[in-house]
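Visitor: Contents of start.cif (mmCIF, C-alpha atoms) are below:
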```
data_work
#
loop_
_atom_site.group_PDB
_atom_site.id
_atom_site.type_symbol
_atom_site.label_atom_id
_atom_site.label_comp_id
_atom_site.auth_asym_id
_atom_site.auth_seq_id
_atom_site.Cartn_x
_atom_site.Cartn_y
_atom_site.Cartn_z
ATOM 1 C CA MET C 244 -25.996 -2.507 -30.652
ATOM 2 C CA ASP C 245 -24.348 -5.885 -31.082
ATOM 3 C CA LEU C 246 -21.354 -6.726 -28.955
ATOM 4 C CA VAL C 247 -18.103 -7.287 -30.817
ATOM 5 C CA PHE C 248 -16.682 -10.709 -30.105
ATOM 6 C CA GLY C 249 -13.115 -10.586 -31.375
ATOM 7 C CA GLU C 250 -10.474 -13.174 -32.037
ATOM 8 C CA ARG C 251 -11.695 -16.675 -31.266
ATOM 9 C CA GLY C 252 -15.144 -15.232 -30.562
ATOM 10 C CA LEU C 253 -14.074 -13.742 -27.242
ATOM 11 C CA ILE C 254 -14.630 -10.419 -25.508
ATOM 12 C CA PRO C 255 -12.618 -9.309 -22.459
ATOM 13 C CA ALA C 256 -14.630 -8.923 -19.256
ATOM 14 C CA ILE C 257 -13.400 -6.885 -16.299
ATOM 15 C CA VAL C 258 -14.840 -7.903 -12.928
ATOM 16 C CA GLN C 259 -15.227 -5.038 -10.468
ATOM 17 C CA ASP C 260 -16.538 -5.193 -6.908
ATOM 18 C CA ARG C 261 -19.520 -2.862 -7.225
ATOM 19 C CA LEU C 262 -19.242 -1.715 -3.612
ATOM 20 C CA THR C 263 -15.511 -1.183 -3.068
ATOM 21 C CA GLY C 264 -14.611 -0.449 -6.678
ATOM 22 C CA GLN C 265 -11.804 -3.003 -6.528
ATOM 23 C CA VAL C 266 -10.981 -4.523 -9.887
ATOM 24 C CA ARG C 267 -10.889 -8.243 -9.176
ATOM 25 C CA MET C 268 -9.915 -9.973 -12.420
ATOM 26 C CA LEU C 269 -9.998 -9.892 -16.190
ATOM 27 C CA ALA C 270 -11.175 -12.911 -18.137
ATOM 28 C CA TYR C 271 -12.834 -13.649 -21.461
ATOM 29 C CA ALA C 272 -16.391 -14.494 -22.426
ATOM 30 C CA ASN C 273 -17.841 -15.950 -25.586
ATOM 31 C CA ARG C 274 -21.524 -15.568 -26.461
ATOM 32 C CA GLU C 275 -22.500 -18.617 -24.455
ATOM 33 C CA ALA C 276 -20.539 -17.556 -21.355
ATOM 34 C CA LEU C 277 -22.138 -14.112 -21.462
ATOM 35 C CA ALA C 278 -25.608 -15.596 -21.931
ATOM 36 C CA ARG C 279 -25.067 -17.813 -18.892
ATOM 37 C CA THR C 280 -23.780 -14.884 -16.841
ATOM 38 C CA LEU C 281 -26.881 -12.862 -17.745
ATOM 39 C CA SER C 282 -29.325 -15.711 -17.088
ATOM 40 C CA THR C 283 -27.777 -17.073 -13.869
ATOM 41 C CA GLY C 284 -26.331 -13.861 -12.388
ATOM 42 C CA ARG C 285 -23.053 -15.707 -11.771
ATOM 43 C CA ALA C 286 -19.884 -14.778 -13.658
ATOM 44 C CA THR C 287 -19.106 -17.386 -16.299
ATOM 45 C CA PHE C 288 -16.165 -17.234 -18.672
ATOM 46 C CA PHE C 289 -14.496 -19.132 -21.473
ATOM 47 C CA SER C 290 -11.147 -20.618 -20.522
ATOM 48 C CA ARG C 291 -8.693 -20.006 -23.348
ATOM 49 C CA SER C 292 -6.295 -22.616 -21.968
ATOM 50 C CA ARG C 293 -8.853 -25.373 -21.359
ATOM 51 C CA GLY C 294 -11.127 -24.449 -24.240
ATOM 52 C CA GLU C 295 -14.299 -24.688 -22.173
ATOM 53 C CA LEU C 296 -16.831 -22.686 -20.216
ATOM 54 C CA TRP C 297 -16.169 -22.233 -16.531
ATOM 55 C CA GLU C 298 -18.358 -20.705 -13.889
ATOM 56 C CA LYS C 299 -16.097 -18.836 -11.510
ATOM 57 C CA GLY C 300 -16.269 -20.466 -8.074
ATOM 58 C CA ALA C 301 -17.987 -23.652 -9.265
ATOM 59 C CA THR C 302 -15.333 -25.691 -7.439
ATOM 60 C CA SER C 303 -13.871 -23.166 -4.951
ATOM 61 C CA GLY C 304 -17.211 -21.732 -3.884
ATOM 62 C CA ASN C 305 -15.932 -18.223 -4.556
ATOM 63 C CA VAL C 306 -18.795 -17.351 -6.852
ATOM 64 C CA ILE C 307 -19.071 -13.854 -8.340
ATOM 65 C CA HIS C 308 -22.616 -12.491 -8.363
ATOM 66 C CA VAL C 309 -23.042 -10.096 -11.271
ATOM 67 C CA SER C 310 -25.591 -7.322 -10.840
ATOM 68 C CA ALA C 311 -24.928 -5.502 -14.118
ATOM 69 C CA VAL C 312 -22.989 -6.007 -17.323
ATOM 70 C CA VAL C 313 -21.767 -2.839 -18.998
ATOM 71 C CA ALA C 314 -20.213 -2.556 -22.449
ATOM 72 C CA ASP C 315 -17.860 0.181 -23.557
ATOM 73 C CA CYS C 316 -18.418 2.759 -26.294
ATOM 74 C CA ASP C 317 -17.407 0.494 -29.169
ATOM 75 C CA ALA C 318 -18.919 -2.587 -27.505
ATOM 76 C CA ASP C 319 -15.728 -4.670 -27.600
ATOM 77 C CA ALA C 320 -15.072 -4.859 -23.852
ATOM 78 C CA LEU C 321 -17.289 -5.637 -20.868
ATOM 79 C CA LEU C 322 -17.402 -4.569 -17.237
ATOM 80 C CA TYR C 323 -19.133 -6.844 -14.737
ATOM 81 C CA LEU C 324 -20.351 -4.957 -11.675
ATOM 82 C CA ALA C 325 -20.339 -7.675 -9.093
ATOM 83 C CA ASP C 326 -20.529 -8.892 -5.518
ATOM 84 C CA PRO C 327 -17.679 -11.394 -5.147
ATOM 85 C CA THR C 328 -17.845 -14.201 -2.602
ATOM 86 C CA GLY C 329 -14.464 -14.632 -0.892
ATOM 87 C CA PRO C 330 -11.156 -14.035 -2.622
ATOM 88 C CA THR C 331 -11.257 -13.944 -6.388
ATOM 89 C CA CYS C 332 -7.685 -15.003 -7.142
ATOM 90 C CA HIS C 333 -6.624 -18.648 -7.082
ATOM 91 C CA THR C 334 -3.645 -17.487 -4.967
ATOM 92 C CA GLY C 335 -6.048 -16.495 -2.182
ATOM 93 C CA SER C 336 -5.573 -12.792 -2.869
ATOM 94 C CA PRO C 337 -8.826 -10.802 -2.985
ATOM 95 C CA SER C 338 -7.926 -9.465 -6.427
ATOM 96 C CA CYS C 339 -5.856 -11.060 -9.175
ATOM 97 C CA PHE C 340 -4.202 -7.659 -9.626
ATOM 98 C CA PHE C 341 -1.423 -7.518 -7.027
ATOM 99 C CA ARG C 342 1.872 -7.465 -8.940
ATOM 100 C CA ARG C 343 3.448 -4.035 -9.077
ATOM 101 C CA VAL C 344 5.104 -3.460 -12.452
ATOM 102 C CA GLY C 345 8.467 -1.743 -12.079
ATOM 103 C CA GLU C 346 10.164 0.693 -14.414
ATOM 104 C CA ASP C 347 11.986 -2.310 -15.887
ATOM 105 C CA GLY C 348 8.612 -3.639 -17.076
ATOM 106 C CA LEU C 349 8.789 -6.703 -14.818
ATOM 107 C CA ALA C 350 5.952 -7.788 -12.537
ATOM 108 C CA ALA C 351 6.858 -8.159 -8.863
ATOM 109 C CA GLU C 352 5.585 -10.979 -6.657
ATOM 110 C CA SER C 353 3.439 -8.464 -4.820
ATOM 111 C CA GLY C 354 3.667 -4.803 -3.864
ATOM 112 C CA VAL C 355 0.178 -3.424 -4.242
ATOM 113 C CA ASP C 356 -2.082 -3.157 -1.266
ATOM 114 C CA ALA C 357 -5.451 -4.421 -2.436
ATOM 115 C CA ALA C 358 -7.213 -1.970 -0.140
ATOM 116 C CA ALA C 359 -5.186 1.046 -1.214
ATOM 117 C CA PHE C 360 -7.892 2.482 -3.416
ATOM 118 C CA LEU C 361 -10.577 2.341 -0.778
ATOM 119 C CA GLU C 362 -8.284 3.875 1.823
ATOM 120 C CA THR C 363 -7.401 6.660 -0.578
ATOM 121 C CA LEU C 364 -11.062 7.445 -1.082
ATOM 122 C CA GLU C 365 -11.916 7.305 2.605
ATOM 123 C CA ARG C 366 -9.122 9.780 3.352
ATOM 124 C CA GLU C 367 -10.413 12.053 0.601
ATOM 125 C CA ILE C 368 -13.989 11.920 1.928
ATOM 126 C CA ALA C 369 -12.782 12.586 5.461
ATOM 127 C CA SER C 370 -10.709 15.582 4.388
ATOM 128 C CA ARG C 371 -13.647 17.034 2.435
ATOM 129 C CA LYS C 372 -15.919 16.632 5.450
ATOM 130 C CA ASP C 373 -13.342 18.370 7.643
ATOM 131 C CA SER C 374 -12.970 21.258 5.245
ATOM 132 C CA SER C 375 -16.715 21.714 4.760
ATOM 133 C CA ALA C 376 -17.254 21.682 8.538
ATOM 134 C CA ALA C 377 -14.592 24.341 9.098
ATOM 135 C CA MET A 90 8.295 -12.166 -13.640
ATOM 136 C CA ASP A 91 7.961 -11.306 -17.290
ATOM 137 C CA LEU A 92 4.700 -9.928 -18.560
ATOM 138 C CA VAL A 93 2.866 -12.066 -21.075
ATOM 139 C CA PHE A 94 2.246 -10.189 -24.302
ATOM 140 C CA GLY A 95 -0.301 -12.275 -26.188
ATOM 141 C CA GLU A 96 -1.592 -12.246 -29.721
ATOM 142 C CA ARG A 97 0.052 -9.554 -31.824
ATOM 143 C CA GLY A 98 2.333 -8.770 -28.882
ATOM 144 C CA LEU A 99 -0.439 -7.034 -26.952
ATOM 145 C CA ILE A 100 -1.590 -7.065 -23.353
ATOM 146 C CA PRO A 101 -4.940 -5.613 -22.242
ATOM 147 C CA ALA A 102 -4.718 -2.596 -19.936
ATOM 148 C CA ILE A 103 -7.616 -1.470 -17.758
ATOM 149 C CA VAL A 104 -7.566 2.212 -16.806
ATOM 150 C CA GLN A 105 -9.064 2.944 -13.393
ATOM 151 C CA ASP A 106 -9.442 6.334 -11.707
ATOM 152 C CA ARG A 107 -7.362 5.730 -8.595
ATOM 153 C CA LEU A 108 -9.479 8.099 -6.506
ATOM 154 C CA THR A 109 -13.062 7.293 -7.498
ATOM 155 C CA GLY A 110 -12.467 3.686 -8.543
ATOM 156 C CA GLN A 111 -14.272 4.307 -11.819
ATOM 157 C CA VAL A 112 -13.103 2.040 -14.626
ATOM 158 C CA ARG A 113 -12.500 4.432 -17.501
ATOM 159 C CA MET A 114 -11.459 2.314 -20.484
ATOM 160 C CA LEU A 115 -9.780 -0.819 -21.693
ATOM 161 C CA ALA A 116 -7.104 -0.644 -24.364
ATOM 162 C CA TYR A 117 -4.039 -2.601 -25.407
ATOM 163 C CA ALA A 118 -0.327 -2.039 -24.906
ATOM 164 C CA ASN A 119 2.673 -3.561 -26.579
ATOM 165 C CA ARG A 120 6.131 -3.491 -24.962
ATOM 166 C CA GLU A 121 6.908 -0.060 -26.365
ATOM 167 C CA ALA A 122 3.593 1.463 -25.268
ATOM 168 C CA LEU A 123 4.082 0.117 -21.747
ATOM 169 C CA ALA A 124 7.679 1.390 -21.626
ATOM 170 C CA ARG A 125 6.489 4.861 -22.635
ATOM 171 C CA THR A 126 3.699 4.785 -20.059
ATOM 172 C CA LEU A 127 6.208 3.865 -17.345
ATOM 173 C CA SER A 128 8.780 6.460 -18.401
ATOM 174 C CA THR A 129 6.416 9.386 -19.090
ATOM 175 C CA GLY A 130 3.671 8.648 -16.545
ATOM 176 C CA ARG A 131 1.086 9.192 -19.289
ATOM 177 C CA ALA A 132 -1.066 6.322 -20.553
ATOM 178 C CA THR A 133 0.114 5.202 -23.982
ATOM 179 C CA PHE A 134 -1.419 2.352 -25.968
ATOM 180 C CA PHE A 135 -1.124 0.521 -29.244
ATOM 181 C CA SER A 136 -4.022 1.126 -31.596
ATOM 182 C CA ARG A 137 -5.054 -2.169 -33.129
ATOM 183 C CA SER A 138 -7.035 -0.402 -35.864
ATOM 184 C CA ARG A 139 -4.368 2.136 -36.832
ATOM 185 C CA GLY A 140 -1.394 -0.101 -36.057
ATOM 186 C CA GLU A 141 0.493 2.606 -34.174
ATOM 187 C CA LEU A 142 1.275 3.918 -30.720
ATOM 188 C CA TRP A 143 -1.010 6.579 -29.345
ATOM 189 C CA GLU A 144 -0.689 8.613 -26.225
ATOM 190 C CA LYS A 145 -4.174 9.066 -24.813
ATOM 191 C CA GLY A 146 -5.085 12.760 -24.904
ATOM 192 C CA ALA A 147 -2.236 13.780 -27.220
ATOM 193 C CA THR A 148 -4.759 15.583 -29.426
ATOM 194 C CA SER A 149 -7.787 16.026 -27.113
ATOM 195 C CA GLY A 150 -5.760 17.115 -24.095
ATOM 196 C CA ASN A 151 -7.507 14.495 -21.963
ATOM 197 C CA VAL A 152 -4.266 12.928 -20.781
ATOM 198 C CA ILE A 153 -4.327 10.070 -18.283
ATOM 199 C CA HIS A 154 -1.645 10.328 -15.619
ATOM 200 C CA VAL A 155 -0.658 6.854 -14.458
ATOM 201 C CA SER A 156 0.610 6.538 -10.906
ATOM 202 C CA ALA A 157 0.989 2.757 -10.811
ATOM 203 C CA VAL A 158 0.851 -0.179 -13.190
ATOM 204 C CA VAL A 159 -0.335 -3.454 -11.679
ATOM 205 C CA ALA A 160 -0.238 -6.869 -13.328
ATOM 206 C CA ASP A 161 -2.518 -9.754 -12.470
ATOM 207 C CA CYS A 162 -1.524 -13.149 -11.048
ATOM 208 C CA ASP A 163 -0.530 -14.688 -14.358
ATOM 209 C CA ALA A 164 0.855 -11.394 -15.673
ATOM 210 C CA ASP A 165 -1.273 -11.308 -18.817
ATOM 211 C CA ALA A 166 -3.430 -8.287 -17.969
ATOM 212 C CA LEU A 167 -2.606 -4.827 -16.607
ATOM 213 C CA LEU A 168 -4.387 -2.312 -14.410
ATOM 214 C CA TYR A 169 -3.370 1.348 -14.677
ATOM 215 C CA LEU A 170 -4.175 3.287 -11.508
ATOM 216 C CA ALA A 171 -4.576 6.756 -12.870
ATOM 217 C CA ASP A 172 -5.645 10.371 -12.548
ATOM 218 C CA PRO A 173 -7.568 11.131 -15.741
ATOM 219 C CA THR A 174 -7.797 14.663 -17.123
ATOM 220 C CA GLY A 175 -11.327 15.394 -18.368
ATOM 221 C CA PRO A 176 -13.566 12.767 -19.911
ATOM 222 C CA THR A 177 -11.861 9.619 -21.093
ATOM 223 C CA CYS A 178 -14.317 8.555 -23.796
ATOM 224 C CA HIS A 179 -14.290 10.109 -27.256
ATOM 225 C CA THR A 180 -18.081 10.499 -26.861
ATOM 226 C CA GLY A 181 -17.492 12.964 -24.029
ATOM 227 C CA SER A 182 -18.587 10.461 -21.395
ATOM 228 C CA PRO A 183 -16.275 10.263 -18.368
ATOM 229 C CA SER A 184 -15.909 6.500 -18.845
ATOM 230 C CA CYS A 185 -16.067 4.451 -22.024
ATOM 231 C CA PHE A 186 -18.213 1.958 -20.096
ATOM 232 C CA PHE A 187 -21.746 3.307 -20.258
ATOM 233 C CA ARG A 188 -23.779 0.812 -22.324
ATOM 234 C CA ARG A 189 -26.001 -1.398 -20.236
ATOM 235 C CA VAL A 190 -26.096 -4.930 -21.648
ATOM 236 C CA GLY A 191 -29.604 -6.360 -21.537
ATOM 237 C CA GLU A 192 -30.703 -9.949 -21.079
ATOM 238 C CA ASP A 193 -30.819 -10.192 -24.876
ATOM 239 C CA GLY A 194 -27.045 -9.616 -24.928
ATOM 240 C CA LEU A 195 -27.362 -6.298 -26.763
ATOM 241 C CA ALA A 196 -25.634 -3.111 -25.629
ATOM 242 C CA ALA A 197 -27.918 -0.131 -25.059
ATOM 243 C CA GLU A 198 -27.032 3.420 -26.058
ATOM 244 C CA SER A 199 -26.664 4.269 -22.384
ATOM 245 C CA GLY A 200 -28.276 3.233 -19.134
ATOM 246 C CA VAL A 201 -25.465 3.168 -16.608
ATOM 247 C CA ASP A 202 -24.881 6.136 -14.373
ATOM 248 C CA ALA A 203 -21.120 6.666 -14.368
ATOM 249 C CA ALA A 204 -21.274 7.841 -10.760
ATOM 250 C CA ALA A 205 -23.339 4.915 -9.526
ATOM 251 C CA PHE A 206 -20.445 3.122 -7.941
ATOM 252 C CA LEU A 207 -19.210 6.100 -5.974
ATOM 253 C CA GLU A 208 -22.705 6.920 -4.784
ATOM 254 C CA THR A 209 -23.171 3.344 -3.645
ATOM 255 C CA LEU A 210 -19.992 3.529 -1.626
ATOM 256 C CA GLU A 211 -20.794 6.923 -0.122
ATOM 257 C CA ARG A 212 -24.162 5.620 1.041
ATOM 258 C CA GLU A 213 -22.447 2.585 2.546
ATOM 259 C CA ILE A 214 -19.884 4.725 4.401
ATOM 260 C CA ALA A 215 -22.607 7.044 5.679
ATOM 261 C CA SER A 216 -24.700 4.142 6.952
ATOM 262 C CA ARG A 217 -21.689 2.628 8.722
ATOM 263 C CA LYS A 218 -20.898 5.956 10.384
ATOM 264 C CA ASP A 219 -24.494 6.253 11.528
ATOM 265 C CA SER A 220 -24.526 2.766 12.961
ATOM 266 C CA SER A 221 -21.160 3.169 14.716
ATOM 267 C CA ALA A 222 -22.324 6.483 16.249
ATOM 268 C CA ALA A 223 -25.521 4.932 17.564
#
```
So that I can check it, write out the structure of this file as structure tokens.
Guide:
Amino acid sequence: MDLVFGERGLIPAIVQDRLTGQVRMLAYANREALARTLSTGRATFFSRSRGELWEKGATSGNVIHVSAVVADCDADALLYLADPTGPTCHTGSPSCFFRRVGEDGLAAESGVDAAAFLETLEREIASRKDSSAA
Amino acid sequence: MDLVFGERGLIPAIVQDRLTGQVRMLAYANREALARTLSTGRATFFSRSRGELWEKGATSGNVIHVSAVVADCDADALLYLADPTGPTCHTGSPSCFFRRVGEDGLAAESGVDAAAFLETLEREIASRKDSSAA
């Protein structure tokens, strides 16, 4: 089925580290950015602020290698399963998602451990191994 | 910092299973939907097609319990770290992201194993344990 490019011809694209599961960033692609991502294997987006294509890491070197592009049920959002080179965020953080949102709806400067998910899973795997060995 | 609610007062919200790392869906929240999510702990969105708030699972029972809301660096996208009840997609698929996008830019009916990520990680952990034991 055709992908649904919405307002301004853009579709949101989530970038996820395919090995750790960490969600790295969310950006937007137009048809041309997606075509370049698929043909080059490097995540390319459309910058809404600059109004132009940009290949992630073209200047910083922190390229994102995309091994699969997955669309959702109604084909209006994308998930890039990827192997990121270096930190993804321009702040130097591995993931752009690091601001804990409080009950007041405000985003903190930090507060989320980028590795928390992986640690959670490792603990879960360890506890299952322990219980199956017992 | 304040969150940036964009066009139509909406901010995209990625739902991720906090234990498996699986990205389940992407939907949109306005201020009220986010406030309800934070106060109830259950993922609530704004339906762009119906023009109303909807609590995920209110009719299906497949509620998504949100343990943390994380904003990205420029505070214009959200990540919900969550414990989903049952499948998230209305198709019955665990995740809404299941359509492999081909090199032609078209979304297939299926083609992505929802568990692929977790299996990849489990293999990686097992291989590291083997190599550290050797």
Visitor: I need the output of the PyMOL selection byres ((chain C) within 8 of (chain A)) for this file as a PDB file with C-alpha atoms, keeping the file's coordinate frame; which residues are they?
Guide:
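Result file expr_16.pdb:
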```
ATOM      1  CA  MET C 244     -25.996  -2.507 -30.652  1.00  0.00           C
ATOM      2  CA  ASP C 245     -24.348  -5.885 -31.082  1.00  0.00           C
ATOM      3  CA  LEU C 246     -21.354  -6.726 -28.955  1.00  0.00           C
ATOM      4  CA  ARG C 261     -19.520  -2.862  -7.225  1.00  0.00           C
ATOM      5  CA  LEU C 262     -19.242  -1.715  -3.612  1.00  0.00           C
ATOM      6  CA  THR C 263     -15.511  -1.183  -3.068  1.00  0.00           C
ATOM      7  CA  GLY C 264     -14.611  -0.449  -6.678  1.00  0.00           C
ATOM      8  CA  GLN C 265     -11.804  -3.003  -6.528  1.00  0.00           C
ATOM      9  CA  MET C 268      -9.915  -9.973 -12.420  1.00  0.00           C
ATOM     10  CA  LEU C 269      -9.998  -9.892 -16.190  1.00  0.00           C
ATOM     11  CA  LEU C 277     -22.138 -14.112 -21.462  1.00  0.00           C
ATOM     12  CA  ALA C 278     -25.608 -15.596 -21.931  1.00  0.00           C
ATOM     13  CA  LEU C 281     -26.881 -12.862 -17.745  1.00  0.00           C
ATOM     14  CA  SER C 282     -29.325 -15.711 -17.088  1.00  0.00           C
ATOM     15  CA  ALA C 311     -24.928  -5.502 -14.118  1.00  0.00           C
ATOM     16  CA  VAL C 312     -22.989  -6.007 -17.323  1.00  0.00           C
ATOM     17  CA  VAL C 313     -21.767  -2.839 -18.998  1.00  0.00           C
ATOM     18  CA  ALA C 314     -20.213  -2.556 -22.449  1.00  0.00           C
ATOM     19  CA  ASP C 315     -17.860   0.181 -23.557  1.00  0.00           C
ATOM     20  CA  CYS C 316     -18.418   2.759 -26.294  1.00  0.00           C
ATOM     21  CA  ALA C 318     -18.919  -2.587 -27.505  1.00  0.00           C
ATOM     22  CA  ALA C 320     -15.072  -4.859 -23.852  1.00  0.00           C
ATOM     23  CA  LEU C 321     -17.289  -5.637 -20.868  1.00  0.00           C
ATOM     24  CA  LEU C 322     -17.402  -4.569 -17.237  1.00  0.00           C
ATOM     25  CA  CYS C 332      -7.685 -15.003  -7.142  1.00  0.00           C
ATOM     26  CA  THR C 334      -3.645 -17.487  -4.967  1.00  0.00           C
ATOM     27  CA  CYS C 339      -5.856 -11.060  -9.175  1.00  0.00           C
ATOM     28  CA  PHE C 340      -4.202  -7.659  -9.626  1.00  0.00           C
ATOM     29  CA  PHE C 341      -1.423  -7.518  -7.027  1.00  0.00           C
ATOM     30  CA  ARG C 342       1.872  -7.465  -8.940  1.00  0.00           C
ATOM     31  CA  ARG C 343       3.448  -4.035  -9.077  1.00  0.00           C
ATOM     32  CA  VAL C 344       5.104  -3.460 -12.452  1.00  0.00           C
ATOM     33  CA  GLY C 345       8.467  -1.743 -12.079  1.00  0.00           C
ATOM     34  CA  GLU C 346      10.164   0.693 -14.414  1.00  0.00           C
ATOM     35  CA  GLY C 348       8.612  -3.639 -17.076  1.00  0.00           C
ATOM     36  CA  LEU C 349       8.789  -6.703 -14.818  1.00  0.00           C
ATOM     37  CA  ALA C 350       5.952  -7.788 -12.537  1.00  0.00           C
ATOM     38  CA  ALA C 351       6.858  -8.159  -8.863  1.00  0.00           C
ATOM     39  CA  GLU C 352       5.585 -10.979  -6.657  1.00  0.00           C
ATOM     40  CA  VAL C 355       0.178  -3.424  -4.242  1.00  0.00           C
ATOM     41  CA  PHE C 360      -7.892   2.482  -3.416  1.00  0.00           C
ATOM     42  CA  THR C 363      -7.401   6.660  -0.578  1.00  0.00           C
ATOM     43  CA  LEU C 364     -11.062   7.445  -1.082  1.00  0.00           C
TER      44      LEU C 364
END
```
Visitor: Which residues are near Arg291 (chain C)? Cut-off 10 Å, only C-alpha atoms, ignore same chain within fewer than 6 positions. Put them as a count of residues only.
Guide: 5
Visitor: Taking the file as I've supplied it (selection: the PyMOL selection byres ((chain A and resi 145) around 9)), which residues are included? Please answer as a list in words.
Guide: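 Matching residues under the PyMOL selection byres ((chain A and resi 145) around 9) are Arg131, Ala132, Thr133, Phe134, Trp143, Glu144, Gly146, Ala147, Thr148, Ser149, Gly150, Asn151, Val152, Ile153 and Thr177 of chain A.
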Visitor: Mind working out the centre and edge lengths of an axis-aligned box for region 275-291 of chain C, all listed atoms inside, 5 Å added to each side, rounded to one decimal in Å and written as AutoDock Vina command-line options?
Guide:
```
--center_x -19.0 --center_y -16.7 --center_z -18.1 --size_x 30.6 --size_y 17.8 --size_z 22.7
```
Visitor: Which is closest to Gly284 (chain C) among C:Ala325, C:Val258, C:Ala369, C:Val247, if we use all atoms listed in the file?
Guide: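 Closest to Gly284 (chain C) of all the choices is C:Ala325.
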Visitor: If you measure from CA of Glu275 (chain C) to CA of Gly335 (chain C), what distance in Å do you get, rounded to one decimal?
Guide: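 According to the coordinates, CA of Glu275 (chain C) and CA of Gly335 (chain C) are separated by 27.8 Å.
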Visitor: Using all atoms listed in the file, find the one residue out of C:Gly329, C:Thr283, C:Glu295, C:Arg371 that sits nearest to Ser310 (chain C).
Guide: C:Thr283
Visitor: Using the partial input, fill out region 247-260 of chain C with N, CA, C and O atoms; write the result as an mmCIF file, in the coordinates of the input.
Guide:
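Below you can see part_3.cif, which holds the result:
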```
data_model
loop_
_atom_site.group_PDB
_atom_site.id
_atom_site.type_symbol
_atom_site.label_atom_id
_atom_site.label_comp_id
_atom_site.auth_asym_id
_atom_site.auth_seq_id
_atom_site.Cartn_x
_atom_site.Cartn_y
_atom_site.Cartn_z
ATOM 1 N N VAL C 247 -19.134 -6.852 -29.882
ATOM 2 C CA VAL C 247 -18.103 -7.287 -30.817
ATOM 3 C C VAL C 247 -17.267 -8.383 -30.154
ATOM 4 O O VAL C 247 -16.486 -8.117 -29.234
ATOM 5 N N PHE C 248 -17.490 -9.600 -30.589
ATOM 6 C CA PHE C 248 -16.682 -10.709 -30.105
ATOM 7 C C PHE C 248 -15.501 -10.833 -31.064
ATOM 8 O O PHE C 248 -15.685 -11.025 -32.270
ATOM 9 N N GLY C 249 -14.302 -10.683 -30.529
ATOM 10 C CA GLY C 249 -13.115 -10.586 -31.375
ATOM 11 C C GLY C 249 -12.503 -11.925 -31.716
ATOM 12 O O GLY C 249 -13.223 -12.898 -32.000
ATOM 13 N N GLU C 250 -11.189 -11.960 -31.656
ATOM 14 C CA GLU C 250 -10.474 -13.174 -32.037
ATOM 15 C C GLU C 250 -10.964 -14.365 -31.209
ATOM 16 O O GLU C 250 -11.121 -14.273 -30.005
ATOM 17 N N ARG C 251 -11.191 -15.448 -31.870
ATOM 18 C CA ARG C 251 -11.695 -16.675 -31.266
ATOM 19 C C ARG C 251 -13.070 -16.485 -30.623
ATOM 20 O O ARG C 251 -13.448 -17.219 -29.703
ATOM 21 N N GLY C 252 -13.784 -15.439 -31.059
ATOM 22 C CA GLY C 252 -15.144 -15.232 -30.562
ATOM 23 C C GLY C 252 -15.210 -14.791 -29.117
ATOM 24 O O GLY C 252 -16.207 -15.034 -28.434
ATOM 25 N N LEU C 253 -14.145 -14.109 -28.655
ATOM 26 C CA LEU C 253 -14.074 -13.742 -27.242
ATOM 27 C C LEU C 253 -14.097 -12.224 -27.046
ATOM 28 O O LEU C 253 -13.624 -11.465 -27.890
ATOM 29 N N ILE C 254 -14.624 -11.818 -25.903
ATOM 30 C CA ILE C 254 -14.630 -10.419 -25.508
ATOM 31 C C ILE C 254 -14.069 -10.350 -24.085
ATOM 32 O O ILE C 254 -14.398 -11.202 -23.246
ATOM 33 N N PRO C 255 -13.155 -9.400 -23.819
ATOM 34 C CA PRO C 255 -12.618 -9.309 -22.459
ATOM 35 C C PRO C 255 -13.663 -8.776 -21.486
ATOM 36 O O PRO C 255 -14.457 -7.901 -21.845
ATOM 37 N N ALA C 256 -13.668 -9.330 -20.283
ATOM 38 C CA ALA C 256 -14.630 -8.923 -19.256
ATOM 39 C C ALA C 256 -13.881 -8.601 -17.966
ATOM 40 O O ALA C 256 -13.218 -9.454 -17.387
ATOM 41 N N ILE C 257 -13.994 -7.347 -17.551
ATOM 42 C CA ILE C 257 -13.400 -6.885 -16.299
ATOM 43 C C ILE C 257 -14.402 -7.136 -15.184
ATOM 44 O O ILE C 257 -15.574 -6.795 -15.327
ATOM 45 N N VAL C 258 -13.955 -7.720 -14.083
ATOM 46 C CA VAL C 258 -14.840 -7.903 -12.928
ATOM 47 C C VAL C 258 -14.469 -6.876 -11.861
ATOM 48 O O VAL C 258 -13.322 -6.819 -11.414
ATOM 49 N N GLN C 259 -15.447 -6.064 -11.485
ATOM 50 C CA GLN C 259 -15.227 -5.038 -10.468
ATOM 51 C C GLN C 259 -16.206 -5.229 -9.317
ATOM 52 O O GLN C 259 -17.414 -5.400 -9.547
ATOM 53 N N ASP C 260 -15.683 -5.185 -8.095
ATOM 54 C CA ASP C 260 -16.538 -5.193 -6.908
ATOM 55 C C ASP C 260 -17.370 -3.913 -6.941
ATOM 56 O O ASP C 260 -16.825 -2.811 -6.903
#
```
